[in-house]
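Coordinates as given in start.txt (compact mmCIF, C-alpha atoms):
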```txt
# COMPACT_ATOMS: atom_id res chain seq x y z
CA MET A 1 91.30 17.36 100.76
CA ASP A 2 89.81 14.07 101.91
CA ARG A 3 88.90 12.58 105.27
CA PHE A 4 90.74 9.47 106.31
CA ALA A 5 91.81 7.17 109.14
CA VAL A 6 95.40 6.00 109.32
CA THR A 7 96.61 3.12 111.49
CA LEU A 8 100.16 2.25 112.44
CA ARG A 9 100.52 -1.39 113.52
CA LEU A 10 102.94 -1.85 116.42
CA ALA A 11 105.44 -4.66 116.80
CA SER A 12 106.77 -3.63 120.23
CA PRO A 13 105.54 -1.76 123.34
CA LEU A 14 105.23 1.99 123.16
CA VAL A 15 106.55 4.73 125.45
CA THR A 16 104.43 7.85 125.04
CA GLY A 17 105.68 9.97 127.92
CA GLY A 18 102.20 11.49 128.13
CA GLY A 19 100.69 13.92 125.67
CA TYR A 20 98.17 13.40 122.93
CA MET A 21 100.47 12.45 120.02
CA THR A 22 98.44 14.35 117.45
CA LEU A 23 98.72 13.47 113.77
CA ASP A 24 100.05 16.92 112.85
CA ALA A 25 102.80 16.60 115.46
CA LEU A 26 103.79 13.20 114.08
CA LEU A 27 103.84 14.47 110.48
CA ALA A 28 105.83 17.57 111.47
CA ALA A 29 108.32 15.34 113.28
CA VAL A 30 108.73 13.17 110.17
CA LEU A 31 109.29 16.28 108.05
CA PHE A 32 111.74 17.68 110.60
CA ASP A 33 113.70 14.41 110.63
CA SER A 34 113.94 14.63 106.84
CA GLY A 35 115.95 17.82 107.18
CA GLU A 36 113.37 20.58 107.28
CA THR A 37 113.58 23.43 109.78
CA VAL A 38 111.00 23.55 112.59
CA GLU A 39 109.06 26.28 110.76
CA ALA A 40 109.20 24.56 107.35
CA ALA A 41 108.21 21.21 108.87
CA HIS A 42 105.10 22.74 110.41
CA ALA A 43 104.26 24.69 107.24
CA LYS A 44 104.37 21.52 105.10
CA VAL A 45 102.07 19.33 107.19
CA PRO A 46 99.63 17.95 104.56
CA LEU A 47 96.48 18.48 106.63
CA LYS A 48 93.70 21.05 106.58
CA ASN A 49 94.25 23.95 108.95
CA THR A 50 91.54 26.19 110.43
CA GLN A 51 92.74 29.28 112.30
CA GLY A 52 95.92 27.49 113.36
CA LEU A 53 94.12 24.26 114.30
CA TRP A 54 95.28 21.22 112.34
CA HIS A 55 92.65 18.70 111.32
CA GLY A 56 94.50 15.72 112.77
CA SER A 57 93.29 13.78 115.79
CA ALA A 58 95.14 12.62 118.87
CA ALA A 59 96.34 9.01 118.72
CA VAL A 60 93.60 6.51 119.50
CA TYR A 61 94.65 3.16 120.91
CA GLU A 62 93.54 0.41 123.23
CA THR A 63 96.00 -0.21 126.05
CA LEU A 64 96.36 -3.96 126.60
CA GLU A 65 99.03 -3.80 129.29
CA VAL A 66 101.05 -1.19 131.15
CA GLY A 67 104.52 -1.66 132.62
CA ARG A 68 107.63 0.19 133.71
CA GLN A 69 111.12 0.02 132.26
CA ALA A 70 114.23 1.58 133.77
CA PHE A 71 117.35 2.49 131.82
CA VAL A 72 120.73 3.05 133.40
CA ALA A 73 123.28 5.08 131.52
CA ASN A 74 126.82 5.74 132.58
CA LEU A 75 127.45 9.39 131.93
CA ARG A 76 130.66 11.32 132.11
CA ALA A 77 130.81 13.35 135.30
CA THR A 78 132.56 16.19 133.54
CA HIS A 79 131.79 17.96 130.30
CA ASP A 80 133.89 17.23 127.20
CA LEU A 81 133.04 20.54 125.56
CA THR A 82 134.72 23.84 126.21
CA PRO A 83 132.87 25.35 129.21
CA ASP A 84 132.24 28.53 127.18
CA LEU A 85 129.89 26.55 124.91
CA ILE A 86 127.68 25.28 127.73
CA ALA A 87 124.79 27.18 129.34
CA LYS A 88 125.46 28.29 132.90
CA ASN A 89 123.04 28.30 135.80
CA LYS A 90 122.03 31.58 137.42
CA HIS A 91 125.08 31.46 139.71
CA GLY A 92 127.34 31.37 136.68
CA ALA A 93 128.41 27.74 137.21
CA LEU A 94 127.95 24.86 134.77
CA HIS A 95 124.98 22.61 135.27
CA ALA A 96 126.28 19.31 136.61
CA LYS A 97 123.96 16.33 136.84
CA ILE A 98 126.43 14.15 138.72
CA SER A 99 128.10 15.11 141.97
CA LEU A 100 131.81 15.21 141.32
CA GLY A 101 132.39 14.61 145.04
CA ARG A 102 130.86 11.12 144.82
CA ARG A 103 131.96 10.01 141.36
CA ARG A 104 135.09 9.49 139.41
CA ASP A 105 135.06 9.71 135.62
CA PHE A 106 131.63 8.22 135.11
CA GLY A 107 128.41 8.03 137.05
CA PRO A 108 125.26 5.96 136.52
CA VAL A 109 122.02 7.84 135.89
CA MET A 110 118.74 5.93 135.99
CA ASN A 111 115.63 7.01 134.10
CA GLY A 112 112.31 5.22 134.43
CA TYR A 113 109.60 5.10 131.77
CA GLN A 114 106.07 3.78 131.66
CA TYR A 115 105.40 1.71 128.58
CA LEU A 116 102.15 0.39 127.22
CA VAL A 117 101.28 -2.49 124.96
CA ALA A 118 98.85 -1.75 122.12
CA GLU A 119 98.25 -3.49 118.82
CA SER A 120 98.03 -0.27 116.85
CA LEU A 121 97.68 3.51 116.89
CA THR A 122 94.96 5.17 114.83
CA TRP A 123 94.50 8.80 113.83
CA TYR A 124 91.71 10.57 111.98
CA GLY A 125 92.42 13.50 109.72
CA GLU A 126 91.41 15.69 106.83
CA GLY A 127 93.94 16.65 104.19
CA ASP A 128 96.07 15.08 101.47
CA SER A 129 95.79 11.43 102.46
CA ALA A 130 98.29 10.28 99.81
CA ALA A 131 100.94 12.68 101.17
CA VAL A 132 100.16 11.60 104.73
CA GLU A 133 100.58 7.95 103.77
CA ARG A 134 103.86 8.71 101.97
CA LEU A 135 105.25 10.38 105.08
CA LEU A 136 104.04 7.73 107.50
CA ARG A 137 105.49 4.88 105.42
CA THR A 138 108.92 6.20 106.45
CA VAL A 139 108.16 5.84 110.18
CA ARG A 140 109.93 2.80 111.61
CA PHE A 141 109.61 3.63 115.31
CA ILE A 142 107.32 6.00 117.21
CA GLY A 143 107.28 7.49 120.72
CA LYS A 144 110.13 7.73 123.19
CA ARG A 145 113.07 5.29 123.55
CA ARG A 146 112.87 4.44 119.85
CA ALA A 147 116.56 3.58 119.76
CA SER A 148 115.92 1.00 122.49
CA GLY A 149 113.34 -0.79 120.34
CA PHE A 150 110.15 0.70 121.74
CA GLY A 151 107.32 1.71 119.41
CA GLU A 152 108.37 -0.37 116.41
CA VAL A 153 105.99 0.10 113.49
CA SER A 154 105.20 -2.98 111.42
CA GLY A 155 102.69 -1.55 108.95
CA VAL A 156 100.55 1.38 107.79
CA GLU A 157 96.88 1.16 106.80
CA MET A 158 94.80 3.97 105.30
CA SER A 159 91.04 4.02 105.01
CA PRO A 160 88.36 6.63 104.25
CA SER A 161 86.57 8.17 107.23
CA ASP A 162 83.58 10.41 107.95
CA VAL A 163 85.23 12.54 110.63
CA ASP A 164 87.50 15.53 110.09
CA GLY A 165 90.13 14.82 112.75
CA VAL A 166 88.76 17.51 115.08
CA VAL A 167 85.22 16.49 116.10
CA GLY A 168 84.06 12.86 116.36
CA MET A 169 80.79 11.24 115.27
CA LEU A 170 79.17 12.02 118.63
CA GLY A 171 80.47 15.58 118.76
CA ASP A 172 83.37 14.60 121.00
CA PRO A 173 86.76 16.34 120.58
CA LEU A 174 89.31 14.13 118.83
CA ARG A 175 92.21 16.41 119.78
CA PRO A 176 92.77 19.43 122.06
CA VAL A 177 90.62 22.24 120.60
CA PRO A 178 90.54 25.78 122.07
CA LEU A 179 87.12 26.73 123.44
CA GLU A 180 86.46 29.33 120.76
CA LEU A 181 87.22 26.93 117.87
CA PHE A 182 85.24 23.94 119.10
CA THR A 183 81.94 23.19 117.35
CA GLY A 184 81.12 19.86 118.98
CA ASP A 185 79.51 18.74 122.24
CA LYS A 186 80.28 21.41 124.87
CA SER A 187 79.89 18.93 127.72
CA ALA A 188 83.30 17.44 126.87
CA ILE A 189 86.11 17.70 129.44
CA ARG A 190 87.96 21.01 129.44
CA GLY A 191 91.54 21.53 130.49
CA ASP A 192 94.81 23.22 129.81
CA ALA A 193 96.72 21.87 126.79
CA ALA A 194 98.99 22.76 123.91
CA TRP A 195 96.77 22.84 120.84
CA LYS A 196 99.08 23.67 117.95
CA PRO A 197 102.69 23.05 117.05
CA ALA A 198 105.26 23.55 118.32
CA TYR A 199 103.58 21.78 121.24
CA TRP A 200 106.47 22.54 123.57
CA ARG A 201 106.11 26.32 123.13
CA PRO A 202 104.39 27.84 126.19
CA GLU A 203 102.47 30.38 124.10
CA ASN A 204 100.69 27.56 122.26
CA ARG A 205 98.83 26.43 125.37
CA ALA A 206 95.20 27.37 126.03
CA ILE A 207 92.03 26.13 127.70
CA CYS A 208 90.75 23.44 125.38
CA TYR A 209 88.12 20.78 124.99
CA LEU A 210 90.08 17.57 125.42
CA PRO A 211 89.74 14.09 123.92
CA SER A 212 89.01 11.28 126.35
CA GLN A 213 92.01 9.39 127.69
CA ASN A 214 92.99 6.14 126.05
CA MET B 1 93.26 31.92 127.68
CA ASN B 2 96.94 31.08 127.99
CA THR B 3 98.23 29.45 131.20
CA TYR B 4 101.08 31.87 131.74
CA GLU B 5 99.08 35.01 130.94
CA PHE B 6 96.50 33.92 133.52
CA PHE B 7 99.22 33.16 136.09
CA MET B 8 100.90 36.53 135.58
CA GLU B 9 97.70 38.58 135.52
CA HIS B 10 96.29 37.16 138.74
CA PHE B 11 99.41 36.24 140.72
CA GLY B 12 102.85 36.75 139.15
CA ARG B 13 102.55 40.50 138.54
CA HIS B 14 102.19 41.04 142.29
CA LEU B 15 105.48 39.23 142.88
CA ILE B 16 107.90 40.49 140.23
CA ASP B 17 108.52 43.30 137.80
CA ALA B 18 107.70 41.56 134.52
CA GLU B 19 108.47 44.45 132.21
CA GLY B 20 110.04 43.22 128.97
CA LEU B 21 109.32 39.58 129.75
CA THR B 22 106.92 37.26 127.97
CA ALA B 23 104.23 35.70 130.14
CA ALA B 24 106.17 32.41 130.20
CA GLN B 25 109.42 34.15 131.15
CA GLY B 26 107.62 36.12 133.86
CA THR B 27 106.07 32.94 135.22
CA GLU B 28 109.45 31.24 135.39
CA LYS B 29 110.95 34.23 137.16
CA ALA B 30 108.05 34.46 139.63
CA LEU B 31 108.35 30.78 140.55
CA SER B 32 112.11 30.87 141.09
CA SER B 33 112.83 34.32 142.57
CA ASN B 34 113.61 35.20 146.16
CA TYR B 35 111.07 37.28 148.07
CA THR B 36 111.31 39.13 151.36
CA THR B 37 109.21 37.46 154.03
CA LEU B 38 107.46 39.43 156.76
CA LYS B 39 110.34 38.37 159.04
CA GLY B 40 112.70 40.17 156.68
CA THR B 41 114.47 37.04 155.43
CA PRO B 42 114.71 36.10 151.74
CA SER B 43 112.79 33.05 150.60
CA ARG B 44 111.73 31.42 147.36
CA LEU B 45 108.31 29.84 147.02
CA GLN B 46 109.73 26.58 148.36
CA SER B 47 107.10 25.44 150.83
CA GLY B 48 103.37 25.83 151.32
CA TRP B 49 100.87 26.39 148.57
CA ALA B 50 99.07 28.92 146.40
CA VAL B 51 95.71 29.04 144.66
CA VAL B 52 95.64 31.33 141.63
CA ARG B 53 92.13 32.55 140.82
CA PRO B 54 90.59 35.50 138.98
CA GLY B 55 90.70 38.47 141.33
CA VAL B 56 92.76 37.94 144.48
CA SER B 57 94.92 34.81 144.67
CA SER B 58 95.98 33.12 147.91
CA LEU B 59 99.46 32.26 149.15
CA GLN B 60 100.52 30.55 152.35
CA LEU B 61 104.04 31.98 152.60
CA LYS B 62 103.84 35.46 154.06
CA ILE B 63 105.91 37.82 151.96
CA THR B 64 105.83 41.58 151.57
CA ALA B 65 104.10 41.57 148.13
CA LYS B 66 100.75 43.40 147.98
CA GLY B 67 97.66 42.28 146.06
CA ILE B 68 97.70 38.69 147.37
CA ALA B 69 95.66 37.17 150.22
CA TYR B 70 97.84 35.40 152.77
CA ASP B 71 96.37 32.28 154.27
CA ASN B 72 97.68 30.14 157.17
CA ARG B 73 95.81 26.95 156.37
CA THR B 74 97.46 23.73 155.25
CA ALA B 75 97.52 22.90 151.54
CA MET B 76 94.86 20.20 151.98
CA GLU B 77 92.53 22.48 153.93
CA ALA B 78 92.93 25.27 151.37
CA PHE B 79 92.52 23.02 148.30
CA ILE B 80 89.48 21.21 149.71
CA ASP B 81 87.82 24.48 150.66
CA GLU B 82 88.54 25.90 147.20
CA LEU B 83 87.22 22.80 145.44
CA THR B 84 84.02 22.67 147.48
CA THR B 85 83.18 26.36 147.05
CA TRP B 86 84.34 26.60 143.42
CA ASP B 87 81.73 27.03 140.66
CA GLY B 88 83.50 24.31 138.63
CA ASP B 89 83.95 26.61 135.68
CA SER B 90 86.14 29.66 136.38
CA PRO B 91 89.88 28.98 136.13
CA ARG B 92 92.12 27.99 139.03
CA ILE B 93 95.77 26.97 139.36
CA PHE B 94 96.53 24.83 142.43
CA LEU B 95 100.21 25.00 143.39
CA GLN B 96 102.05 22.99 145.99
CA PHE B 97 105.59 24.26 146.54
CA GLU B 98 108.61 22.18 147.41
CA LYS B 99 112.32 22.89 147.62
CA ALA B 100 112.83 22.89 143.86
CA PRO B 101 110.87 25.55 141.90
CA VAL B 102 107.76 24.35 140.07
CA PRO B 103 108.77 24.04 136.37
CA ILE B 104 106.50 26.14 134.19
CA SER B 105 105.73 23.08 132.07
CA ASN B 106 103.95 21.64 135.15
CA LEU B 107 101.51 24.54 135.43
CA PHE B 108 97.94 23.68 134.51
CA ILE B 109 94.73 25.67 134.63
CA THR B 110 91.89 23.69 136.17
CA VAL B 111 88.49 24.53 134.67
CA ASP B 112 86.59 21.26 135.02
CA ARG B 113 85.71 19.10 138.06
CA ARG B 114 86.56 16.03 135.99
CA LEU B 115 90.15 17.15 135.47
CA ILE B 116 91.64 18.67 138.61
CA ARG B 117 95.39 19.09 138.81
CA ILE B 118 97.65 19.96 141.71
CA CYS B 119 100.90 21.34 140.26
CA SER B 120 104.18 20.64 142.06
CA PRO B 121 107.86 20.28 141.10
CA LYS B 122 107.48 16.49 140.98
CA GLY B 123 104.78 16.61 138.36
CA VAL B 124 101.08 17.07 138.02
CA ALA B 125 98.57 14.98 139.92
CA SER B 126 95.37 14.81 137.83
CA PHE B 127 92.10 13.43 139.05
CA ASP B 128 88.36 13.45 138.56
CA MET B 129 86.72 15.01 141.59
CA ASN B 130 83.56 12.95 141.08
CA VAL B 131 85.24 9.55 141.01
CA ASP B 132 86.49 7.31 143.84
CA PRO B 133 90.31 7.18 143.82
CA ASP B 134 91.67 3.82 142.63
CA SER B 135 94.94 2.10 143.56
CA SER B 136 96.94 4.34 141.21
CA ALA B 137 95.62 7.57 142.81
CA THR B 138 98.10 10.03 144.27
CA ILE B 139 98.29 10.82 148.00
CA VAL B 140 96.89 14.29 147.31
CA GLN B 141 93.88 12.86 145.50
CA ARG B 142 93.16 10.35 148.27
CA ALA B 143 93.51 13.03 150.94
CA ILE B 144 91.17 15.37 149.10
CA TRP B 145 88.63 12.63 148.37
CA LYS B 146 88.63 11.53 152.03
CA ARG B 147 87.87 15.02 153.24
CA LEU B 148 85.42 16.15 150.59
CA PRO B 149 81.87 16.39 151.92
CA LYS B 150 79.85 13.52 150.40
```
Show the structure stored in the file as structure tokens.
Amino acid sequence: MDRFAVTLRLASPLVTGGGYMTLDALLAAVLFDSGETVEAAHAKVPLKNTQGLWHGSAAVYETLEVGRQAFVANLRATHDLTPDLIAKNKHGALHAKISLGRRRDFGPVMNGYQYLVAESLTWYGEGDSAAVERLLRTVRFIGKRRASGFGEVSGVEMSPSDVDGVVGMLGDPLRPVPLELFTGDKSAIRGDAAWKPAYWRPENRAICYLPSQN
Amino acid sequence: MNTYEFFMEHFGRHLIDAEGLTAAQGTEKALSSNYTTLKGTPSRLQSGWAVVRPGVSSLQLKITAKGIAYDNRTAMEAFIDELTTWDGDSPRIFLQFEKAPVPISNLFITVDRRLIRICSPKGVASFDMNVDPDSSATIVQRAIWKRLPK
């Protein structure tokens, strides 16, 4: 186990959609994309783990510019699948995003995103740095709207570090850390956050010490 | 402390029968179910506000559920009063209801004056209670800041 900093250089703006983008979440996502199950992907994250807390920081970056980008997609107004295969709402009807009364076969749906411009994303961690580097070298895009060209990665840099990915040099939290697991400066901001993968699971949320916003 | 366990212990359990449900499932059910109002009509939590706190929580909509304090004030009056009398440490959930149910992913426990959130179906408005709102501040934050005693 060694302590390291890893930086992904960005070639295009990034859409984060909020959240902390922790290193363990990124590594688990890479493993999941390589064909692992959700459970196996989380079990194989090559970082130190203390009582469920991964030693991988939230993404650290300097925002140079913020903007908004809208995408319009023409979606089919009706489902192609057999209705039996689609989840129903509580009234027993199919969920329909587009009003069939106003549309014909297709309907435009607009989604807006906030993007940010940053030169790079950096994480701090403790674990098998060689395995982390191997996994991150396969990342070509990061964040949301990757298929639209956002979050293009142009390079990976690894370097040794003094911090463990959980607590910074000044005792500040580098990632969401539950109150009972935090050993740093207790004057840090506290709030409600998911602190371990899978980050979308409601039971993985708790009151945590939180890293400062980028 | 988990968000949904806190919500259910201090608010949700007074609204629904949560037997056999996880805290998250109970929270979802509590936020989207119909309740009988004092007038006898069914209503979801689709207008008004609630403040979930340890002990007795407050709700504006008057329904027949016991164990909750019913409060006529506007959301702004209630939130400002809560924020000014709050010890800045014990947990609170500030809820502002609208026609659509509040998604459980939007729930947030506030435990720090520097990170206050008002949860609504549209999203979560976060702000630092000690800092002047800037041009990107939400309407709720501006309204609260304007009325907070300086």
Can you check which residues of chain B have any atom within 10 Å of chain A? Use all atoms listed in the file and format it as JSON, numbers by chain. {"B": [1, 2, 3, 4, 5, 22, 23, 24, 25, 89, 91, 104, 105, 107, 108, 109, 110, 111, 112, 113, 114, 115, 116, 117]}
Produce a file of the selected residues containing C-alpha atoms, as a PDB file, in the coordinates of the input.
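Output contents, as saved in result_19.pdb:
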```pdb
ATOM      1  CA  MET B   1      93.260  31.920 127.680  1.00  0.00           C
ATOM      2  CA  ASN B   2      96.940  31.080 127.990  1.00  0.00           C
ATOM      3  CA  THR B   3      98.230  29.450 131.200  1.00  0.00           C
ATOM      4  CA  TYR B   4     101.080  31.870 131.740  1.00  0.00           C
ATOM      5  CA  GLU B   5      99.080  35.010 130.940  1.00  0.00           C
ATOM      6  CA  THR B  22     106.920  37.260 127.970  1.00  0.00           C
ATOM      7  CA  ALA B  23     104.230  35.700 130.140  1.00  0.00           C
ATOM      8  CA  ALA B  24     106.170  32.410 130.200  1.00  0.00           C
ATOM      9  CA  GLN B  25     109.420  34.150 131.150  1.00  0.00           C
ATOM     10  CA  ASP B  89      83.950  26.610 135.680  1.00  0.00           C
ATOM     11  CA  PRO B  91      89.880  28.980 136.130  1.00  0.00           C
ATOM     12  CA  ILE B 104     106.500  26.140 134.190  1.00  0.00           C
ATOM     13  CA  SER B 105     105.730  23.080 132.070  1.00  0.00           C
ATOM     14  CA  LEU B 107     101.510  24.540 135.430  1.00  0.00           C
ATOM     15  CA  PHE B 108      97.940  23.680 134.510  1.00  0.00           C
ATOM     16  CA  ILE B 109      94.730  25.670 134.630  1.00  0.00           C
ATOM     17  CA  THR B 110      91.890  23.690 136.170  1.00  0.00           C
ATOM     18  CA  VAL B 111      88.490  24.530 134.670  1.00  0.00           C
ATOM     19  CA  ASP B 112      86.590  21.260 135.020  1.00  0.00           C
ATOM     20  CA  ARG B 113      85.710  19.100 138.060  1.00  0.00           C
ATOM     21  CA  ARG B 114      86.560  16.030 135.990  1.00  0.00           C
ATOM     22  CA  LEU B 115      90.150  17.150 135.470  1.00  0.00           C
ATOM     23  CA  ILE B 116      91.640  18.670 138.610  1.00  0.00           C
ATOM     24  CA  ARG B 117      95.390  19.090 138.810  1.00  0.00           C
TER      25      ARG B 117
END
```
Write out as an NGL selection string the residues lying within 6 Å of region 127-138 of chain A, counting all atoms listed in the file and excluding same-chain residues fewer than 4 positions away. :A and (1-2 or 46-48)
Please identify all polymer residues within 10 Å of Ile118 (chain B), counting only C-alpha atoms, omitting same-chain residues fewer than 6 positions from it, and present them as a compact mmCIF listing (two decimals) with C-alpha atoms, in the frame of the given file.
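Just written: around_36.txt:
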```
# COMPACT_ATOMS: atom_id res chain seq x y z
CA TRP B 49 100.87 26.39 148.57
CA VAL B 51 95.71 29.04 144.66
CA PHE B 79 92.52 23.02 148.30
CA ILE B 93 95.77 26.97 139.36
CA PHE B 94 96.53 24.83 142.43
CA LEU B 95 100.21 25.00 143.39
CA GLN B 96 102.05 22.99 145.99
CA ASN B 106 103.95 21.64 135.15
CA LEU B 107 101.51 24.54 135.43
CA PHE B 108 97.94 23.68 134.51
CA ILE B 109 94.73 25.67 134.63
CA THR B 110 91.89 23.69 136.17
CA VAL B 124 101.08 17.07 138.02
CA ALA B 125 98.57 14.98 139.92
CA SER B 126 95.37 14.81 137.83
CA PHE B 127 92.10 13.43 139.05
CA VAL B 140 96.89 14.29 147.31
CA GLN B 141 93.88 12.86 145.50
```
List every protein, DNA or RNA residue with an atom no more than 12 Å from (102.9, 36.3, 140.8) in the file's coordinates, counting only C-alpha atoms, and format the result as an MDAnalysis selection string. chainID B and resid 4:18 23:33 35 45 50:53 56:59 63 65:69 93 95
When you look at region 49-60 of chain A with a cut-off of 6 Å (counting all atoms listed in the file), what residues show up, excluding the ones that are within fewer than 3 positions of it in the same chain? I need them as a ChimeraX atom specification. /A:20-24,121-126,165-166,174-175
Where's the centre, and what are the edge lengths in Å to one decimal, of a box along x, y and z enclosing all listed atoms of region 101-117 of chain B padded 3 Å per side, as lines of an AutoDock Vina configuration file?
```
center_x = 98.3
center_y = 21.1
center_z = 137.0
size_x = 31.2
size_y = 16.1
size_z = 15.8
```
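A straight line drawn from CA of Asn72 (chain B) to CA of Arg142 (chain B) is 22.2 Å long.
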Contacts of Gly112 (chain A) at 7 Å or less, counting only C-alpha atoms, minus same-chain residues fewer than 4 places along, as an mmCIF file with C-alpha atoms, in the frame of the given file?
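And here's out.cif as it stands now:
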```
data_model
loop_
_atom_site.group_PDB
_atom_site.id
_atom_site.type_symbol
_atom_site.label_atom_id
_atom_site.label_comp_id
_atom_site.auth_asym_id
_atom_site.auth_seq_id
_atom_site.Cartn_x
_atom_site.Cartn_y
_atom_site.Cartn_z
ATOM 1 C CA ARG A 68 107.630 0.190 133.710
ATOM 2 C CA GLN A 69 111.120 0.020 132.260
ATOM 3 C CA ALA A 70 114.230 1.580 133.770
ATOM 4 C CA PHE A 71 117.350 2.490 131.820
#
```
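Rounded to one decimal, CA of Lys122 (chain B) and CA of Ala147 (chain A) lie 26.4 Å from each other.
Atom pair CA of Lys144 (chain A) / CA of Val15 (chain A): separated by 5.2 Å.
Compared by their closest atoms to Glu62 (chain A), and using only C-alpha atoms, the residues A:Phe182, A:Val163, A:Arg145, A:Val117 rank with A:Val117 nearest.
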Determine the nearest neighbour of Gln46 (chain B) from the options B:Thr84, B:Asn130, B:Ser120, B:Thr138, counting all atoms listed in the file. B:Ser120
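You can rank B:Trp86, B:Pro101, B:Arg147, B:Ile139 by their closest distance to Pro54 (chain B) using all atoms listed in the file, and at the top of that list sits B:Trp86.
The smallest atom-to-atom distance between Lys196 (chain A) and any of A:Ala43, A:Val156, A:Ala5, A:Leu116, using all atoms listed in the file, is found for A:Ala43.
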